[in-house]
$ cat protein-v7.cif   # mmCIF, C-alpha atoms
data_start
loop_
_atom_site.group_PDB
_atom_site.id
_atom_site.type_symbol
_atom_site.label_atom_id
_atom_site.label_comp_id
_atom_site.auth_asym_id
_atom_site.auth_seq_id
_atom_site.Cartn_x
_atom_site.Cartn_y
_atom_site.Cartn_z
ATOM 1 C CA MET A 1116 5.682 -12.646 65.362
ATOM 2 C CA SER A 1117 9.371 -11.888 65.502
ATOM 3 C CA PRO A 1118 10.355 -8.638 67.257
ATOM 4 C CA ARG A 1119 12.208 -7.716 64.051
ATOM 5 C CA MET A 1120 8.984 -7.682 62.027
ATOM 6 C CA LYS A 1121 6.721 -4.708 61.499
ATOM 7 C CA ARG A 1122 2.982 -5.277 61.558
ATOM 8 C CA ILE A 1123 1.041 -3.973 58.545
ATOM 9 C CA GLN A 1124 -2.478 -4.315 57.198
ATOM 10 C CA LEU A 1125 -3.437 -4.813 53.581
ATOM 11 C CA TYR A 1126 -6.501 -5.478 51.486
ATOM 12 C CA ILE A 1127 -6.692 -8.253 48.899
ATOM 13 C CA GLU A 1128 -9.449 -9.484 46.628
ATOM 14 C CA PRO A 1129 -11.538 -12.397 47.966
ATOM 15 C CA GLU A 1130 -10.383 -14.615 45.082
ATOM 16 C CA VAL A 1131 -6.739 -13.953 45.932
ATOM 17 C CA ASP A 1132 -7.450 -14.698 49.594
ATOM 18 C CA GLN A 1133 -9.029 -18.033 48.652
ATOM 19 C CA GLU A 1134 -6.039 -19.002 46.505
ATOM 20 C CA LEU A 1135 -3.678 -17.886 49.242
ATOM 21 C CA GLN A 1136 -5.539 -20.062 51.756
ATOM 22 C CA ARG A 1137 -5.406 -23.051 49.372
ATOM 23 C CA LEU A 1138 -1.679 -22.607 48.739
ATOM 24 C CA ALA A 1139 -0.969 -22.178 52.445
ATOM 25 C CA ALA A 1140 -2.773 -25.455 53.156
ATOM 26 C CA VAL A 1141 -0.887 -27.286 50.401
ATOM 27 C CA ARG A 1142 2.486 -25.960 51.593
ATOM 28 C CA ARG A 1143 1.478 -26.257 55.276
ATOM 29 C CA VAL A 1144 2.501 -22.704 56.078
ATOM 30 C CA SER A 1145 0.580 -19.620 57.145
ATOM 31 C CA LYS A 1146 -0.937 -17.135 54.728
ATOM 32 C CA ALA A 1147 1.208 -14.494 56.432
ATOM 33 C CA ARG A 1148 4.353 -16.419 55.542
ATOM 34 C CA LEU A 1149 3.310 -16.603 51.889
ATOM 35 C CA VAL A 1150 2.591 -12.876 51.846
ATOM 36 C CA ARG A 1151 5.996 -12.137 53.431
ATOM 37 C CA GLU A 1152 7.722 -14.355 50.853
ATOM 38 C CA GLY A 1153 5.895 -12.609 48.030
ATOM 39 C CA VAL A 1154 6.678 -9.143 49.326
ATOM 40 C CA SER A 1155 10.333 -10.066 49.862
ATOM 41 C CA TRP A 1156 10.545 -11.408 46.317
ATOM 42 C CA VAL A 1157 9.056 -8.230 44.825
ATOM 43 C CA VAL A 1158 11.471 -6.060 46.804
ATOM 44 C CA ARG A 1159 14.519 -8.146 45.771
ATOM 45 C CA GLU A 1160 13.502 -8.273 42.113
ATOM 46 C CA ASN A 1161 12.988 -4.515 41.947
ATOM 47 C CA ARG A 1162 15.993 -3.460 43.972
ATOM 48 C CA GLY A 1163 18.513 -4.648 41.396
ATOM 49 C CA ASP A 1164 20.482 -6.811 43.840
ATOM 50 C CA HIS A 1165 19.564 -10.080 42.175
ATOM 51 C CA GLU A 1166 22.092 -11.607 39.831
ATOM 52 C CA ASP A 1167 21.139 -12.487 36.312
ATOM 53 C CA SER A 1168 21.371 -16.214 35.553
ATOM 54 C CA LEU A 1169 23.510 -15.428 32.536
ATOM 55 C CA LEU A 1170 26.094 -13.751 34.751
ATOM 56 C CA LYS A 1171 26.179 -16.742 37.094
ATOM 57 C CA ILE A 1172 27.503 -19.032 34.379
ATOM 58 C CA VAL A 1173 30.569 -16.889 33.740
ATOM 59 C CA GLY A 1174 33.572 -19.033 34.581
ATOM 60 C CA MET A 1175 31.595 -22.261 34.943
ATOM 61 C CA GLY A 1176 33.210 -23.786 31.887
ATOM 62 C CA GLU A 1177 36.816 -22.976 32.701
ATOM 63 C CA SER A 1178 37.664 -26.606 33.394
ATOM 64 C CA GLU A 1179 35.824 -27.937 30.344
ATOM 65 C CA PRO A 1180 35.318 -25.132 27.807
ATOM 66 C CA ASP A 1181 33.983 -27.463 25.124
ATOM 67 C CA ARG A 1182 31.206 -28.690 27.434
ATOM 68 C CA LEU A 1183 29.921 -25.183 28.237
ATOM 69 C CA SER A 1184 28.932 -24.537 24.658
ATOM 70 C CA GLU A 1185 27.069 -27.852 24.591
ATOM 71 C CA ASN A 1186 25.359 -27.533 27.977
ATOM 72 C CA HIS A 1187 24.774 -23.809 28.451
ATOM 73 C CA ASP A 1188 20.976 -24.216 28.482
ATOM 74 C CA GLU A 1189 21.177 -26.796 31.273
ATOM 75 C CA TYR A 1190 23.454 -24.510 33.299
ATOM 76 C CA LEU A 1191 21.016 -21.612 32.886
ATOM 77 C CA ILE A 1192 18.034 -23.745 33.904
ATOM 78 C CA GLU A 1193 19.932 -25.096 36.916
ATOM 79 C CA GLN A 1194 20.775 -21.583 38.120
ATOM 80 C CA GLU A 1195 17.220 -20.355 37.577
ATOM 81 C CA MET A 1196 15.781 -23.338 39.509
ATOM 82 C CA LYS A 1197 18.158 -22.639 42.420
ATOM 83 C CA HIS A 1198 16.939 -19.022 42.405
ATOM 84 C CA TRP A 1199 13.253 -20.017 42.469
ATOM 85 C CA ASN A 1200 13.787 -22.730 45.082
ATOM 86 C CA ARG A 1201 15.321 -20.130 47.420
ATOM 87 C CA LEU A 1202 12.226 -17.964 46.950
ATOM 88 C CA VAL A 1203 9.724 -20.650 47.917
ATOM 89 C CA LYS A 1204 11.523 -21.828 51.070
#

$ encode --input "protein-v7.cif" --output "structure tokens"
Amino acid sequence: MSPRMKRIQLYIEPEVDQELQRLAAVRRVSKARLVREGVSWVVRENRGDHEDSLLKIVGMGESEPDRLSENHDEYLIEQEMKHWNRLVK
């Protein structure tokens, strides 16, 4: 455990614990890491610091304005996938 981390205890349902164990095995990480990732995600999502995917596309089409109107869905999906990939690392 990193010296920067604070130790806490929590209670979870047995079913959630089983799923957490399964996911940890699949991802080859500890259950504690998954819990930390989940807690960090909840804090970020509720703090208001996250950027909306719609705001991230502002200015993307400056070089090719006609392409933005055609591909805006792809740009949104790309930004959302980058967001989720950062959360699961």

$ closest_residue --input "protein-v7.cif" --among "A:Asp1132, A:Val1158, A:Asn1186, A:Ile1123" --to "A:Lys1146" --atoms "all atoms listed in the file"
A:Asp1132

$ atom_distance --input "protein-v7.cif" --atom1 "atom CA of A:Gly1153" --atom2 "atom CA of A:Tyr1126"
14.7 Å

$ atom_distance --input "protein-v7.cif" --atom1 "atom CA of A:Val1150" --atom2 "atom CA of A:Leu1135"
8.4 Å

$ closest_residue --input "protein-v7.cif" --among "A:Arg1201, A:Ile1127, A:Tyr1190, A:Glu1195" --to "A:Ser1155" --atoms "all atoms listed in the file"
A:Arg1201

$ atom_distance --input "protein-v7.cif" --atom1 "atom CA of A:Gln1124" --atom2 "atom CA of A:Leu1138"
20.2 Å

$ residues_around --input "protein-v7.cif" --residues "A:Leu1149" --least-positions-apart "2" --cutoff "12 Å" --atoms "all atoms listed in the file" --output "JSON, numbers by chain"
{"A": [1131, 1132, 1134, 1135, 1136, 1137, 1138, 1139, 1140, 1141, 1142, 1143, 1144, 1145, 1146, 1147, 1151, 1152, 1153, 1154, 1155, 1156, 1202, 1203, 1204]}
